[in-house]
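K.L.:
Next up is a structure, given as structure tokens.
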Amino acid sequence: MSVQERKERERASRERLIVATARELAEQQGWDAVTTRRLAERIEYSQPVLYSHFRGKREIIGAVALQGAGELAAAVRAATATADGPRARVHALARAYLDFAERHPAVYDAIFQLDGGLPYAREDTPEPLKDAFGALLESLGEVAGSGVEPGLFTETVWACLHGLATLTRAGRLPPQDTERRLALLVDRLAVV
């Protein structure tokens, strides 16, 4: 292995450590607790080393968002892969989405709430974000209905799921009714 390859491998390892540490700190204490100073202390590197990877917190949030989007896509695909029929797939998708938002609130916020400097719904949208939307589209497109554009339908359902996730987490919707809301949503969407 050349010196250059070793340096690149070490750099990638440091970058993964920064992202993992930011996620951990954000999940434990919220994104306000994630500062470059605290991250540098936790990873035991200087702040200039951290800045050699990311220009600041915004880029770190973006890196967490991209990683999280890949995990969300995988969770949705895993949940829908074994579901039998469109209604079961929509229910599995919705449950997986809400479970992801509940289990990983800081990552969910990085993807959908915070400014990570990432373009959404554009040509230059990063692949992990496109893939997360694609995971939703795969199951929702089949229940969009005749004459309904599948992408627009998927955006609308996604907005509903996002609303359920964020309103429940904020205490605006009682969590004990989540399954009833989910059943209502699935019943109205998956009329195939």
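Going by the structure tokens order, chains are called A, B, ..., each with residues numbered from 1, while ligands are numbered from 1 in the order shown.
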Per residue of range 23-65 of chain A within 12 Å of range 4-13 of chain A, note the shortest atom pair and the distance in Å to one decimal, counting only C-alpha atoms, and order the rows by chain and increasing residue number, as a tab-separated table.

P.N.:
residue	atom	partner	partner_atom	distance
A:Ile43	CA	A:Ser13	CA	11.4
A:Val49	CA	A:Arg11	CA	9.8
A:Leu50	CA	A:Arg11	CA	10.5
A:Ser52	CA	A:Arg11	CA	9.5
A:His53	CA	A:Arg11	CA	8.2
A:Phe54	CA	A:Arg11	CA	11.8

K.L.:
If DSSP is run on the backbone, what residues of chain A are helix (DSSP H, G or I)? A reply as a VMD selection string would be ideal.

P.N.:
chain A and resid 3 to 29 31 to 33 36 to 43 47 to 53 57 to 81 86 to 103 105 to 112 127 to 143 150 to 169 175 to 189

K.L.:
As an mmCIF file with all heavy atoms, in the first residue's frame, please: the residues near Thr156 in chain A (cut-off 12 Å, only C-alpha atoms, same-chain neighbours under 3 positions excluded).

P.N.:
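selection_38.cif written:
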data_model
loop_
_atom_site.group_PDB
_atom_site.id
_atom_site.type_symbol
_atom_site.label_atom_id
_atom_site.label_comp_id
_atom_site.auth_asym_id
_atom_site.auth_seq_id
_atom_site.Cartn_x
_atom_site.Cartn_y
_atom_site.Cartn_z
ATOM 1 N N PHE A 133 -36.036 8.824 -1.239
ATOM 2 C CA PHE A 133 -37.322 9.109 -1.884
ATOM 3 C C PHE A 133 -37.721 7.941 -2.778
ATOM 4 O O PHE A 133 -38.884 7.544 -2.814
ATOM 5 C CB PHE A 133 -37.244 10.410 -2.687
ATOM 6 C CG PHE A 133 -38.558 10.788 -3.300
ATOM 7 C CD1 PHE A 133 -39.561 11.373 -2.532
ATOM 8 C CD2 PHE A 133 -38.801 10.548 -4.640
ATOM 9 C CE1 PHE A 133 -40.776 11.717 -3.081
ATOM 10 C CE2 PHE A 133 -40.020 10.888 -5.207
ATOM 11 C CZ PHE A 133 -41.012 11.477 -4.428
ATOM 12 N N LEU A 136 -39.458 5.175 -0.993
ATOM 13 C CA LEU A 136 -40.877 5.474 -0.758
ATOM 14 C C LEU A 136 -41.679 5.288 -2.047
ATOM 15 O O LEU A 136 -42.755 4.692 -2.043
ATOM 16 C CB LEU A 136 -41.051 6.903 -0.239
ATOM 17 C CG LEU A 136 -40.356 7.271 1.060
ATOM 18 C CD1 LEU A 136 -40.535 8.752 1.355
ATOM 19 C CD2 LEU A 136 -40.862 6.432 2.213
ATOM 20 N N LEU A 137 -41.145 5.789 -3.135
ATOM 21 C CA LEU A 137 -41.828 5.724 -4.433
ATOM 22 C C LEU A 137 -42.080 4.290 -4.889
ATOM 23 O O LEU A 137 -43.116 3.996 -5.491
ATOM 24 C CB LEU A 137 -41.002 6.484 -5.473
ATOM 25 C CG LEU A 137 -41.544 6.558 -6.892
ATOM 26 C CD1 LEU A 137 -42.870 7.295 -6.935
ATOM 27 C CD2 LEU A 137 -40.525 7.249 -7.798
ATOM 28 N N LEU A 140 -45.216 3.270 -2.894
ATOM 29 C CA LEU A 140 -46.360 4.176 -3.011
ATOM 30 C C LEU A 140 -46.803 4.377 -4.452
ATOM 31 O O LEU A 140 -47.980 4.622 -4.711
ATOM 32 C CB LEU A 140 -46.038 5.513 -2.354
ATOM 33 C CG LEU A 140 -45.856 5.442 -0.846
ATOM 34 C CD1 LEU A 140 -45.322 6.753 -0.306
ATOM 35 C CD2 LEU A 140 -47.169 5.059 -0.166
ATOM 36 N N GLY A 141 -45.876 4.266 -5.389
ATOM 37 C CA GLY A 141 -46.228 4.428 -6.800
ATOM 38 C C GLY A 141 -47.282 3.452 -7.257
ATOM 39 O O GLY A 141 -48.150 3.790 -8.074
ATOM 40 N N ALA A 144 -50.816 4.765 -6.227
ATOM 41 C CA ALA A 144 -51.148 6.155 -6.543
ATOM 42 C C ALA A 144 -52.503 6.267 -7.231
ATOM 43 O O ALA A 144 -53.228 7.230 -7.026
ATOM 44 C CB ALA A 144 -50.055 6.780 -7.403
ATOM 45 N N VAL A 148 -52.868 9.553 -11.568
ATOM 46 C CA VAL A 148 -52.160 10.286 -10.515
ATOM 47 C C VAL A 148 -50.665 10.096 -10.733
ATOM 48 O O VAL A 148 -50.193 8.965 -10.867
ATOM 49 C CB VAL A 148 -52.570 9.787 -9.109
ATOM 50 C CG1 VAL A 148 -51.774 10.506 -8.039
ATOM 51 C CG2 VAL A 148 -54.058 9.960 -8.897
ATOM 52 N N GLU A 149 -49.931 11.188 -10.759
ATOM 53 C CA GLU A 149 -48.491 11.127 -10.962
ATOM 54 C C GLU A 149 -47.852 10.514 -9.720
ATOM 55 O O GLU A 149 -48.014 11.034 -8.610
ATOM 56 C CB GLU A 149 -47.972 12.542 -11.227
ATOM 57 C CG GLU A 149 -46.604 12.585 -11.884
ATOM 58 C CD GLU A 149 -45.474 12.477 -10.891
ATOM 59 O OE1 GLU A 149 -45.434 13.274 -9.945
ATOM 60 O OE2 GLU A 149 -44.635 11.570 -11.043
ATOM 61 N N PRO A 150 -47.175 9.373 -9.844
ATOM 62 C CA PRO A 150 -46.629 8.669 -8.677
ATOM 63 C C PRO A 150 -45.686 9.504 -7.814
ATOM 64 O O PRO A 150 -45.713 9.415 -6.591
ATOM 65 C CB PRO A 150 -45.898 7.468 -9.282
ATOM 66 C CG PRO A 150 -46.551 7.252 -10.602
ATOM 67 C CD PRO A 150 -46.939 8.617 -11.080
ATOM 68 N N GLY A 151 -44.843 10.329 -8.425
ATOM 69 C CA GLY A 151 -43.920 11.156 -7.645
ATOM 70 C C GLY A 151 -44.651 12.173 -6.789
ATOM 71 O O GLY A 151 -44.323 12.366 -5.615
ATOM 72 N N LEU A 152 -45.660 12.804 -7.352
ATOM 73 C CA LEU A 152 -46.448 13.780 -6.610
ATOM 74 C C LEU A 152 -47.223 13.097 -5.478
ATOM 75 O O LEU A 152 -47.303 13.612 -4.361
ATOM 76 C CB LEU A 152 -47.407 14.504 -7.558
ATOM 77 C CG LEU A 152 -48.183 15.671 -6.988
ATOM 78 C CD1 LEU A 152 -47.249 16.767 -6.514
ATOM 79 C CD2 LEU A 152 -49.140 16.213 -8.046
ATOM 80 N N PHE A 153 -47.757 11.935 -5.769
ATOM 81 C CA PHE A 153 -48.470 11.164 -4.749
ATOM 82 C C PHE A 153 -47.519 10.799 -3.610
ATOM 83 O O PHE A 153 -47.849 10.938 -2.430
ATOM 84 C CB PHE A 153 -49.070 9.903 -5.378
ATOM 85 C CG PHE A 153 -49.840 9.044 -4.424
ATOM 86 C CD1 PHE A 153 -51.119 9.399 -4.026
ATOM 87 C CD2 PHE A 153 -49.293 7.875 -3.914
ATOM 88 C CE1 PHE A 153 -51.840 8.601 -3.139
ATOM 89 C CE2 PHE A 153 -49.997 7.074 -3.032
ATOM 90 C CZ PHE A 153 -51.279 7.446 -2.648
ATOM 91 N N ALA A 159 -45.212 13.793 3.053
ATOM 92 C CA ALA A 159 -45.561 14.957 3.874
ATOM 93 C C ALA A 159 -46.470 14.541 5.033
ATOM 94 O O ALA A 159 -46.316 15.029 6.163
ATOM 95 C CB ALA A 159 -46.224 16.031 3.026
ATOM 96 N N CYS A 160 -47.404 13.643 4.778
ATOM 97 C CA CYS A 160 -48.279 13.138 5.851
ATOM 98 C C CYS A 160 -47.458 12.393 6.909
ATOM 99 O O CYS A 160 -47.645 12.620 8.116
ATOM 100 C CB CYS A 160 -49.345 12.207 5.286
ATOM 101 S SG CYS A 160 -50.589 13.019 4.287
ATOM 102 N N LEU A 161 -46.586 11.518 6.470
ATOM 103 C CA LEU A 161 -45.762 10.763 7.417
ATOM 104 C C LEU A 161 -44.840 11.695 8.201
ATOM 105 O O LEU A 161 -44.668 11.528 9.414
ATOM 106 C CB LEU A 161 -44.942 9.698 6.684
ATOM 107 C CG LEU A 161 -45.747 8.554 6.082
ATOM 108 C CD1 LEU A 161 -44.854 7.682 5.212
ATOM 109 C CD2 LEU A 161 -46.436 7.746 7.166
ATOM 110 N N HIS A 162 -44.278 12.664 7.528
ATOM 111 C CA HIS A 162 -43.410 13.633 8.207
ATOM 112 C C HIS A 162 -44.216 14.400 9.251
ATOM 113 O O HIS A 162 -43.759 14.606 10.377
ATOM 114 C CB HIS A 162 -42.787 14.583 7.194
ATOM 115 C CG HIS A 162 -41.952 15.647 7.815
ATOM 116 N ND1 HIS A 162 -40.744 15.381 8.420
ATOM 117 C CD2 HIS A 162 -42.152 16.981 7.952
ATOM 118 C CE1 HIS A 162 -40.236 16.502 8.890
ATOM 119 N NE2 HIS A 162 -41.073 17.499 8.625
ATOM 120 N N GLY A 163 -45.403 14.795 8.897
ATOM 121 C CA GLY A 163 -46.259 15.498 9.851
ATOM 122 C C GLY A 163 -46.587 14.638 11.055
ATOM 123 O O GLY A 163 -46.516 15.104 12.200
ATOM 124 N N LEU A 185 -54.585 6.255 7.573
ATOM 125 C CA LEU A 185 -53.806 6.676 6.425
ATOM 126 C C LEU A 185 -53.670 5.549 5.414
ATOM 127 O O LEU A 185 -53.920 5.735 4.214
ATOM 128 C CB LEU A 185 -52.419 7.150 6.883
ATOM 129 C CG LEU A 185 -51.487 7.708 5.822
ATOM 130 C CD1 LEU A 185 -52.067 8.978 5.202
ATOM 131 C CD2 LEU A 185 -50.120 7.990 6.424
ATOM 132 N N LEU A 189 -55.122 5.362 1.600
ATOM 133 C CA LEU A 189 -54.140 5.384 0.519
ATOM 134 C C LEU A 189 -54.150 4.112 -0.304
ATOM 135 O O LEU A 189 -54.073 4.157 -1.533
ATOM 136 C CB LEU A 189 -52.722 5.561 1.091
ATOM 137 C CG LEU A 189 -52.401 6.896 1.719
ATOM 138 C CD1 LEU A 189 -51.011 6.848 2.318
ATOM 139 C CD2 LEU A 189 -52.508 8.007 0.704
#

K.L.:
Please list as an MDAnalysis selection string every residue within 12 Å of Ala170 in chain A, counting only C-alpha atoms and excluding residues in the same chain fewer than 5 positions away.

P.N.:
chainID A and resid 102 105 163:165 175

K.L.:
Would you mind exporting all heavy atoms of the selected residues as a short mmCIF file (atom, residue, chain, number, x, y, z; two decimals), in the first residue's frame?

P.N.:
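See selection-v3.cif below for the written result:
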data_model
loop_
_atom_site.label_atom_id
_atom_site.label_comp_id
_atom_site.auth_asym_id
_atom_site.auth_seq_id
_atom_site.Cartn_x
_atom_site.Cartn_y
_atom_site.Cartn_z
N GLU A 102 -38.64 7.90 15.12
CA GLU A 102 -38.69 7.78 16.58
C GLU A 102 -37.36 7.29 17.17
O GLU A 102 -36.90 7.79 18.19
CB GLU A 102 -39.81 6.84 16.99
CG GLU A 102 -40.00 6.73 18.48
CD GLU A 102 -41.14 5.79 18.87
OE1 GLU A 102 -41.94 5.40 18.00
OE2 GLU A 102 -41.21 5.45 20.06
N PRO A 105 -34.08 10.39 16.28
CA PRO A 105 -34.62 11.75 16.11
C PRO A 105 -33.59 12.77 15.61
O PRO A 105 -33.92 13.63 14.79
CB PRO A 105 -35.15 12.12 17.49
CG PRO A 105 -34.50 11.18 18.44
CD PRO A 105 -34.19 9.93 17.67
N GLY A 163 -45.40 14.80 8.90
CA GLY A 163 -46.26 15.50 9.85
C GLY A 163 -46.59 14.64 11.05
O GLY A 163 -46.52 15.10 12.20
N LEU A 164 -46.92 13.39 10.82
CA LEU A 164 -47.21 12.48 11.94
C LEU A 164 -45.98 12.32 12.83
O LEU A 164 -46.08 12.36 14.06
CB LEU A 164 -47.66 11.12 11.43
CG LEU A 164 -49.06 11.05 10.82
CD1 LEU A 164 -49.30 9.67 10.21
CD2 LEU A 164 -50.11 11.37 11.86
N ALA A 165 -44.83 12.14 12.21
CA ALA A 165 -43.59 11.95 12.99
C ALA A 165 -43.26 13.18 13.81
O ALA A 165 -42.99 13.07 15.02
CB ALA A 165 -42.43 11.61 12.05
N PRO A 175 -49.33 10.07 21.36
CA PRO A 175 -48.68 8.89 20.78
C PRO A 175 -49.53 7.63 20.85
O PRO A 175 -49.36 6.74 20.02
CB PRO A 175 -47.39 8.75 21.58
CG PRO A 175 -47.59 9.54 22.81
CD PRO A 175 -48.60 10.59 22.51
#

K.L.:
What is the CA of Arg58 in chain A-CA of Asp115 in chain A distance in Å, reported with one decimal?

P.N.:
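Rounded to one decimal, the two atoms are 6.4 Å apart.
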
K.L.:
Which residue is closest to Ala22 in chain A? Choose from A:Thr166, A:Gln67, A:Gln113, A:Ser139 and count only C-alpha atoms.

P.N.:
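The shortest atom-to-atom distance to Ala22 in chain A comes from A:Gln67.
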
K.L.:
Could you list, as a ChimeraX atom specification, every residue within 9 Å of Leu118 in chain A, counting only C-alpha atoms and ignoring same-chain residues fewer than 5 positions away?

P.N.:
/A:59,62,65-66,125-126

K.L.:
Those same residues, written as a PDB file, in the first residue's frame with all heavy atoms?

P.N.:
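As a result, result_31.pdb now contains:
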ATOM      1  N   GLU A  59     -21.945  21.399   7.398  1.00  0.00           N
ATOM      2  CA  GLU A  59     -21.481  20.282   6.572  1.00  0.00           C
ATOM      3  C   GLU A  59     -21.539  18.960   7.342  1.00  0.00           C
ATOM      4  O   GLU A  59     -21.774  17.911   6.744  1.00  0.00           O
ATOM      5  CB  GLU A  59     -20.074  20.539   6.046  1.00  0.00           C
ATOM      6  CG  GLU A  59     -20.056  21.506   4.896  1.00  0.00           C
ATOM      7  CD  GLU A  59     -18.699  21.592   4.208  1.00  0.00           C
ATOM      8  OE1 GLU A  59     -17.759  20.844   4.575  1.00  0.00           O
ATOM      9  OE2 GLU A  59     -18.582  22.422   3.300  1.00  0.00           O
ATOM     10  N   GLY A  62     -25.003  17.851   7.152  1.00  0.00           N
ATOM     11  CA  GLY A  62     -25.221  17.298   5.814  1.00  0.00           C
ATOM     12  C   GLY A  62     -24.685  15.881   5.681  1.00  0.00           C
ATOM     13  O   GLY A  62     -25.341  15.016   5.091  1.00  0.00           O
ATOM     14  N   ALA A  65     -26.997  13.650   7.474  1.00  0.00           N
ATOM     15  CA  ALA A  65     -28.223  13.511   6.694  1.00  0.00           C
ATOM     16  C   ALA A  65     -28.049  12.497   5.565  1.00  0.00           C
ATOM     17  O   ALA A  65     -28.928  11.655   5.338  1.00  0.00           O
ATOM     18  CB  ALA A  65     -28.656  14.866   6.136  1.00  0.00           C
ATOM     19  N   LEU A  66     -26.937  12.557   4.873  1.00  0.00           N
ATOM     20  CA  LEU A  66     -26.705  11.617   3.774  1.00  0.00           C
ATOM     21  C   LEU A  66     -26.594  10.188   4.286  1.00  0.00           C
ATOM     22  O   LEU A  66     -27.169   9.257   3.707  1.00  0.00           O
ATOM     23  CB  LEU A  66     -25.455  12.008   2.992  1.00  0.00           C
ATOM     24  CG  LEU A  66     -25.550  13.319   2.218  1.00  0.00           C
ATOM     25  CD1 LEU A  66     -24.212  13.643   1.556  1.00  0.00           C
ATOM     26  CD2 LEU A  66     -26.663  13.266   1.193  1.00  0.00           C
ATOM     27  N   THR A 125     -29.422  16.953  -6.420  1.00  0.00           N
ATOM     28  CA  THR A 125     -29.701  16.316  -5.135  1.00  0.00           C
ATOM     29  C   THR A 125     -28.780  15.098  -4.992  1.00  0.00           C
ATOM     30  O   THR A 125     -28.688  14.277  -5.911  1.00  0.00           O
ATOM     31  CB  THR A 125     -31.175  15.877  -5.042  1.00  0.00           C
ATOM     32  OG1 THR A 125     -31.996  17.033  -5.132  1.00  0.00           O
ATOM     33  CG2 THR A 125     -31.472  15.139  -3.753  1.00  0.00           C
ATOM     34  N   PRO A 126     -28.100  14.960  -3.857  1.00  0.00           N
ATOM     35  CA  PRO A 126     -27.207  13.804  -3.675  1.00  0.00           C
ATOM     36  C   PRO A 126     -27.962  12.474  -3.744  1.00  0.00           C
ATOM     37  O   PRO A 126     -29.131  12.379  -3.343  1.00  0.00           O
ATOM     38  CB  PRO A 126     -26.623  14.032  -2.277  1.00  0.00           C
ATOM     39  CG  PRO A 126     -26.761  15.493  -2.030  1.00  0.00           C
ATOM     40  CD  PRO A 126     -28.025  15.903  -2.736  1.00  0.00           C
TER      41      PRO A 126
END

K.L.:
Near Arg103 in chain A, within 10 Å and counting only C-alpha atoms, which residues show up once chain neighbours fewer than 5 positions away are dropped, as a PDB file with N, CA, C and O atoms, in the first residue's frame?

P.N.:
ATOM      1  N   GLU A  27     -27.797  12.700  19.224  1.00  0.00           N
ATOM      2  CA  GLU A  27     -28.848  11.809  19.743  1.00  0.00           C
ATOM      3  C   GLU A  27     -28.929  11.892  21.271  1.00  0.00           C
ATOM      4  O   GLU A  27     -30.002  11.806  21.842  1.00  0.00           O
ATOM      5  N   LEU A  98     -41.989   5.859  10.417  1.00  0.00           N
ATOM      6  CA  LEU A  98     -42.262   6.412  11.747  1.00  0.00           C
ATOM      7  C   LEU A  98     -41.312   5.828  12.793  1.00  0.00           C
ATOM      8  O   LEU A  98     -40.859   6.547  13.690  1.00  0.00           O
ATOM      9  N   TYR A 108     -33.005  12.009  11.940  1.00  0.00           N
ATOM     10  CA  TYR A 108     -34.209  12.421  11.218  1.00  0.00           C
ATOM     11  C   TYR A 108     -34.215  13.938  11.040  1.00  0.00           C
ATOM     12  O   TYR A 108     -34.503  14.448   9.954  1.00  0.00           O
TER      13      TYR A 108
END

K.L.:
Need to verify the contact set: Gly70 in chain A, 9 Å, only C-alpha atoms, exclusion of same-chain residues closer than 4 positions in sequence. Can you return it as a ChimeraX atom specification?

P.N.:
/A:65-66,74-75,127-129,131-132

K.L.:
Between CA of Ser2 in chain A and CA of Val19 in chain A, what is the spacing in Å?

P.N.:
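Distance reported for this atom pair: 26.0 Å.
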
K.L.:
Just to confirm, what's the straight-line distance from CA of Gly30 in chain A to CA of Ile60 in chain A in Å (one decimal)?

P.N.:
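Here the two named atoms are 13.9 Å from each other.
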
K.L.:
Using only C-alpha atoms for the distances, tell me which of A:Gly134, A:Arg122, A:Arg95, A:Val107 is nearest to Ala83 in chain A.

P.N.:
A:Arg95

K.L.:
With distances taken over only C-alpha atoms, which residue among A:Lys130, A:Arg38, A:Arg77, A:Arg14 lies nearest Leu93 in chain A?

P.N.:
A:Arg77
